[in-house]
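First comes the structure, then the notes that go with it.
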Amino acid sequence: MDRVLQFNFGYIPPKKSLAGGVALASINGKRSSVLEAAAAQKKARAAAVPPPAEESAFELRCVNYIRILAAEMVQQANSGHPGAAMGCAPMAHLLWAKVMSYNPADPKWPNRDRFVLSNGHACALLYCMLHLTGYDISLDDLKQFRQLGSKTPGHPENTHTPGVEVATGPLGQGIANGVGMALGQAHMAGTFNRPGFDVVDNYTFVICGDGCLQEGVSSEASSLAGHLGLGRLIVLYDDNKIQIDGSTDLAFTEDVAKRYEAYGWQATTRASHRPNRALARAAPPGPVARRRPAARDRSRPLPPARWLQVLCVEHGDDDLRGLLTAIERAKAEEGKPTLIKVTTTIGFGSAKQGTEKVHGAPLGHADLDAVKKQFGFEEGAANVFKTPPDVGGVYSACTQAGAMRQKAWEAMCVRYAKAHPGLAAEFARRQAGKLPVNWKELLPRCPIRRSNPPGVPAPKPRPRHGVASLTLPRRPTPDGRRRTRRSRPASRAKSS
Ligand SMILES: Cc1ncc(C[n+]2csc(CCOP(=O)(O)OP(=O)(O)O)c2C)c(N)n1
Ligand SMILES: [Mg+2]
């Protein structure tokens with residue numbers, strides 16, 4: 001791994017200057033330094049969230065509110081993409097409320113988990129989450145969605161909106177950026193982490209859609225991620241079987257999971273989870289409710305993760321527990337990136353759910369009100385953009401927990417600087433975006449010889465071969481003679 005990274009990125013500090021010399025392969029320790037913060041987050045969440053028996057239904061209420069808020073933004077702008085935002089709401093809720101480590105007060109905290117919305121057209125969802133969790137995005141910013149100069153443009157811009165990591169919109173490239181971020185994490189962890197000091201241990205989460213997986217750029221980057229074994233890269237695939245013009249069957253029938261398995265990712269077509277009864281009960285009534293399979297027998301343990309090559313969540317609209325378990329499994333697999341195939345319904349809750357009609361157009365006031373009613377929220381013009389306090393409380397607890405996580409990390413960094421001052425200084429330099437003082441000496445040198453020194457014969461001119469023919473002179477022919485381009489049989493030369 002070190003060799004591959006060095007080949008690609010040139011500079012890995014020499015081991016002797018780095019006390020301890022930890023190999024990249026050994027960086028995959030668990031987070032140790034943020035346990036106190038995690039406990040604090042749990043406590044804060046417990047204070048804001050009702051007791052466990054009601055937790056599932058309450059969580060679905062949060063998810064449904066996110067769906068509504070995203071749809072309201074699109075309705076207000078009278079343009080945008082509500083479908084994927086509504087369909088991906090369960091993933092977003094879990095990532096921001098339960099999984100990711102981040103601090104809204106400092107969106108550039110170096111050890112934050114990275115989030116990339118590769119299907120950038122669903123950005124109403126991203127803005128909702130950033131607003132609810134306390135980033136510098138107000139309710140007014142949400143109301144200004146897609147307006148000229150607003151903080152909430154029609155596709156995410158990382159230089160423009162706090163909390164947006166990557167500008168996305170061109171499908172597929174968000175996955176490639178996610179691979180780059182995970183690669184950066186592996187490089188930094190290999191360089192700076194030392195026993196007891198996981199200074200860089202963040203994950204990269206990507207949500208993508210069908211379109212992202214159709215684009216070649218995602219294939220190339222995913223292949224590299226599999227090759228490098230970037231275990232801290234987790235891609236959640238919004239498998240809603242709909243794209244801009246209708247069913248994905250029109251153009252996209254490949255087995256994505258098998259393809260990712262071939263790339264060396266954690267991925268299999270075997271379904272990993274079944275929803276539990278509590279969640280089935282909590283499923284919203286009416287047209288969006290559906291027959292659920294029997295609950296998994298919880299007395300039997302889940303099969304070990306190595307059996308599961310692609311993690312599949314078959315009921316991604318409301319199986320929060322299954323989704324969370326899949327994410328936890330993905331985090332536990334440190335040697336491979338993971339693709340979690342989450343089957344969802346585009347525009348879940350709308351009368352037009354499951355169709356391309358909710359891909360890129362507002363639901364309409366009547367449908368939006370019907371969605372709200374169905375999910376148990378107050379309808380009507382007076383209740384637009386009103387966050388219920390119980391839902392808001394869940395996400396504001398994340399704001400506080402994030403600040404505590406960063407504080408715990410900073411305290412660890414102070415101890416790290418005492419134990420490894422050279423490394424800490426190098427880490428600080430990189431974070432500040434400064435060049436090393438001796439950067440000129442680090443540049444590769446290419447001596448140029450203008451004329452032959454006296455007595456040295458001029459070098460023989462190199463044979464001129466095209467790139468494709470470079471190996472030809474070395475390949476022996478059946479009669480033992482070496483073949484050159486000129487000596488190739490005319491028939492072969494023609495066909496190549
Ligand atoms: C490279 C690229 N090509 C085309 C588009 C235009 N486009 C935007 S969304 C979309 C459909 C994407 O389908 P999917 O990812 O399934 O999104 P969903 O319909 O599920 O929201 C297309 C073709 C684009 N954004 N980027
Ligand atoms: Mg789709």
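The way I read the labels, and the way they are meant: chains A, B, ... in the order of the structure tokens, residue 1 as the first residue of every chain, and ligand 1 as the first ligand shown, with later ones counted on from there.
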
Ligand 1 neighbours within 10 Å using only C-alpha atoms and all ligand atoms, as a VMD selection string: chain A and resid 81 to 88 118 to 122 155 168 to 173 208 to 217 237 to 248 252 344 to 347 354 to 360

Restricting it to N, CA and C atoms, dump the selection as a compact mmCIF listing (two decimals), in the first residue's frame.
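Result file follows (result.txt):
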# COMPACT_ATOMS: atom_id res chain seq x y z
N HIS A 81 -35.44 19.01 -7.48
CA HIS A 81 -35.55 17.54 -7.55
C HIS A 81 -35.99 16.98 -6.20
N PRO A 82 -37.30 16.85 -5.99
CA PRO A 82 -37.74 16.37 -4.67
C PRO A 82 -37.60 14.86 -4.49
N GLY A 83 -37.67 14.11 -5.59
CA GLY A 83 -37.80 12.64 -5.50
C GLY A 83 -36.65 11.97 -4.77
N ALA A 84 -35.41 12.22 -5.23
CA ALA A 84 -34.26 11.56 -4.61
C ALA A 84 -34.06 12.07 -3.19
N ALA A 85 -34.35 13.37 -2.96
CA ALA A 85 -34.20 13.93 -1.61
C ALA A 85 -35.13 13.19 -0.65
N MET A 86 -36.38 12.95 -1.09
CA MET A 86 -37.34 12.26 -0.22
C MET A 86 -36.95 10.80 -0.03
N GLY A 87 -36.47 10.19 -1.12
CA GLY A 87 -36.10 8.77 -1.06
C GLY A 87 -34.87 8.52 -0.21
N CYS A 88 -33.92 9.47 -0.22
CA CYS A 88 -32.66 9.27 0.51
C CYS A 88 -32.73 9.79 1.95
N SER A 118 -23.23 12.57 -4.20
CA SER A 118 -22.82 12.44 -5.61
C SER A 118 -24.00 12.74 -6.54
N ASN A 119 -25.19 12.34 -6.12
CA ASN A 119 -26.38 12.73 -6.91
C ASN A 119 -26.77 14.15 -6.49
N GLY A 120 -25.95 15.10 -6.91
CA GLY A 120 -26.07 16.48 -6.44
C GLY A 120 -27.42 17.12 -6.70
N HIS A 121 -28.17 16.57 -7.65
CA HIS A 121 -29.50 17.16 -7.91
C HIS A 121 -30.42 17.03 -6.69
N ALA A 122 -30.07 16.11 -5.76
CA ALA A 122 -30.91 15.92 -4.55
C ALA A 122 -30.49 16.86 -3.43
N HIS A 155 -27.28 23.07 -7.36
CA HIS A 155 -26.39 21.93 -7.16
C HIS A 155 -25.33 22.39 -6.16
N THR A 168 -21.06 19.03 -6.57
CA THR A 168 -21.54 17.88 -7.35
C THR A 168 -22.71 18.31 -8.23
N GLY A 169 -22.99 17.50 -9.20
CA GLY A 169 -24.02 17.79 -10.19
C GLY A 169 -23.74 16.91 -11.39
N PRO A 170 -22.52 17.01 -11.94
CA PRO A 170 -22.16 16.03 -12.98
C PRO A 170 -22.14 14.64 -12.34
N LEU A 171 -23.05 13.80 -12.75
CA LEU A 171 -23.23 12.51 -12.07
C LEU A 171 -21.94 11.69 -12.10
N GLY A 172 -21.69 10.97 -11.04
CA GLY A 172 -20.55 10.04 -10.98
C GLY A 172 -19.30 10.65 -10.39
N GLN A 173 -19.06 11.94 -10.65
CA GLN A 173 -17.78 12.48 -10.18
C GLN A 173 -17.74 12.65 -8.66
N CYS A 208 -25.10 8.07 -3.63
CA CYS A 208 -25.14 8.21 -5.09
C CYS A 208 -26.42 7.59 -5.63
N GLY A 209 -26.72 7.90 -6.87
CA GLY A 209 -27.92 7.34 -7.50
C GLY A 209 -27.55 6.48 -8.70
N ASP A 210 -28.57 6.04 -9.41
CA ASP A 210 -28.35 5.19 -10.59
C ASP A 210 -27.44 5.89 -11.59
N GLY A 211 -27.71 7.19 -11.80
CA GLY A 211 -26.95 7.94 -12.81
C GLY A 211 -25.46 7.96 -12.50
N CYS A 212 -25.11 8.07 -11.21
CA CYS A 212 -23.69 8.10 -10.82
C CYS A 212 -23.01 6.79 -11.19
N LEU A 213 -23.74 5.70 -11.03
CA LEU A 213 -23.13 4.39 -11.29
C LEU A 213 -23.12 4.05 -12.77
N GLN A 214 -23.83 4.85 -13.56
CA GLN A 214 -23.78 4.65 -15.01
C GLN A 214 -22.57 5.35 -15.61
N GLU A 215 -22.08 6.37 -14.92
CA GLU A 215 -20.99 7.18 -15.48
C GLU A 215 -19.64 6.48 -15.34
N GLY A 216 -18.86 6.51 -16.43
CA GLY A 216 -17.56 5.83 -16.44
C GLY A 216 -16.61 6.32 -15.36
N VAL A 217 -16.69 7.62 -15.02
CA VAL A 217 -15.74 8.16 -14.06
C VAL A 217 -15.86 7.44 -12.71
N TYR A 237 -25.90 3.44 -2.14
CA TYR A 237 -26.47 3.55 -3.49
C TYR A 237 -27.99 3.63 -3.40
N ASP A 238 -28.54 4.74 -3.84
CA ASP A 238 -30.00 4.94 -3.83
C ASP A 238 -30.58 4.17 -5.03
N ASP A 239 -30.87 2.92 -4.77
CA ASP A 239 -31.34 2.01 -5.83
C ASP A 239 -32.85 2.16 -5.97
N ASN A 240 -33.28 3.26 -6.62
CA ASN A 240 -34.73 3.50 -6.71
C ASN A 240 -35.31 3.10 -8.06
N LYS A 241 -34.46 2.59 -8.92
CA LYS A 241 -34.88 2.03 -10.21
C LYS A 241 -35.60 3.02 -11.12
N ILE A 242 -35.39 4.30 -10.81
CA ILE A 242 -35.98 5.36 -11.66
C ILE A 242 -34.89 6.36 -11.98
N GLN A 243 -34.90 6.86 -13.17
CA GLN A 243 -34.02 7.99 -13.50
C GLN A 243 -34.83 9.00 -14.31
N ILE A 244 -34.15 9.93 -14.91
CA ILE A 244 -34.82 11.13 -15.43
C ILE A 244 -35.96 10.81 -16.43
N ASP A 245 -35.78 9.77 -17.23
CA ASP A 245 -36.76 9.49 -18.29
C ASP A 245 -37.68 8.31 -18.00
N GLY A 246 -37.56 7.73 -16.83
CA GLY A 246 -38.41 6.58 -16.52
C GLY A 246 -37.63 5.50 -15.80
N SER A 247 -38.07 4.25 -16.03
CA SER A 247 -37.44 3.13 -15.32
C SER A 247 -35.98 2.95 -15.77
N THR A 248 -35.15 2.53 -14.84
CA THR A 248 -33.75 2.25 -15.20
C THR A 248 -33.67 1.08 -16.18
N PHE A 252 -30.34 0.44 -18.09
CA PHE A 252 -29.37 0.07 -17.05
C PHE A 252 -29.85 -1.18 -16.33
N THR A 344 -34.96 1.99 -2.49
CA THR A 344 -35.86 3.04 -1.99
C THR A 344 -36.95 3.32 -3.02
N THR A 345 -37.87 4.17 -2.62
CA THR A 345 -38.92 4.63 -3.53
C THR A 345 -38.71 6.12 -3.77
N ILE A 346 -38.49 6.48 -5.01
CA ILE A 346 -38.30 7.90 -5.32
C ILE A 346 -39.59 8.67 -4.95
N GLY A 347 -39.42 9.81 -4.28
CA GLY A 347 -40.60 10.62 -3.88
C GLY A 347 -41.49 9.94 -2.87
N GLY A 354 -42.39 6.68 -6.88
CA GLY A 354 -42.01 5.54 -7.70
C GLY A 354 -42.03 5.82 -9.19
N THR A 355 -42.22 7.09 -9.56
CA THR A 355 -42.23 7.42 -11.00
C THR A 355 -41.25 8.56 -11.27
N GLU A 356 -40.90 8.71 -12.55
CA GLU A 356 -39.97 9.79 -12.93
C GLU A 356 -40.61 11.17 -12.76
N LYS A 357 -41.94 11.20 -12.50
CA LYS A 357 -42.61 12.51 -12.35
C LYS A 357 -42.12 13.26 -11.12
N VAL A 358 -41.55 12.53 -10.15
CA VAL A 358 -41.04 13.23 -8.96
C VAL A 358 -39.52 13.43 -9.04
N HIS A 359 -38.93 13.05 -10.17
CA HIS A 359 -37.47 13.23 -10.28
C HIS A 359 -37.09 14.71 -10.27
N GLY A 360 -37.71 15.52 -11.13
CA GLY A 360 -37.22 16.88 -11.30
C GLY A 360 -38.30 17.94 -11.38

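Considering only segment 67-228 of chain A, backbone DSSP assigns strand (DSSP E or B) to Arg114, Phe115, Val116, Leu117, Arg194, Phe197, Thr204, Phe205, Val206, Ile207 and Cys208 of chain A.
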
Computed interatomic separation between atom CA of Arg429 of chain A and atom CA of Arg445 of chain A (Å): 24.3 Å

Pick the closest to ligand 2 from A:Ser101, A:Ser350, A:Gln406, A:Thr343: which is it, counting only C-alpha atoms and all ligand atoms? A:Thr343

Sorted by chain and rising residue number, which residues of segment 129-189 of chain A lie within 10 Å of segment 366-390 of chain A, and what are their closest atom pairs and distances in Å to one decimal, counting only C-alpha atoms, as a Markdown table?
| residue | atom | partner | partner_atom | distance |
| --- | --- | --- | --- | --- |
| A:Leu132 | CA | A:Thr387 | CA | 8.9 |
| A:Leu139 | CA | A:Phe385 | CA | 7.5 |
| A:Asp140 | CA | A:Phe385 | CA | 9.4 |
| A:Leu142 | CA | A:Phe385 | CA | 8.7 |
| A:Lys143 | CA | A:Phe385 | CA | 8.1 |

Please measure the separation of atom CA of Thr152 of chain A and atom CA of Leu126 of chain A, giving the value in Å to one decimal.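 For atom CA of Thr152 of chain A relative to atom CA of Leu126 of chain A, the distance reads 9.6 Å.
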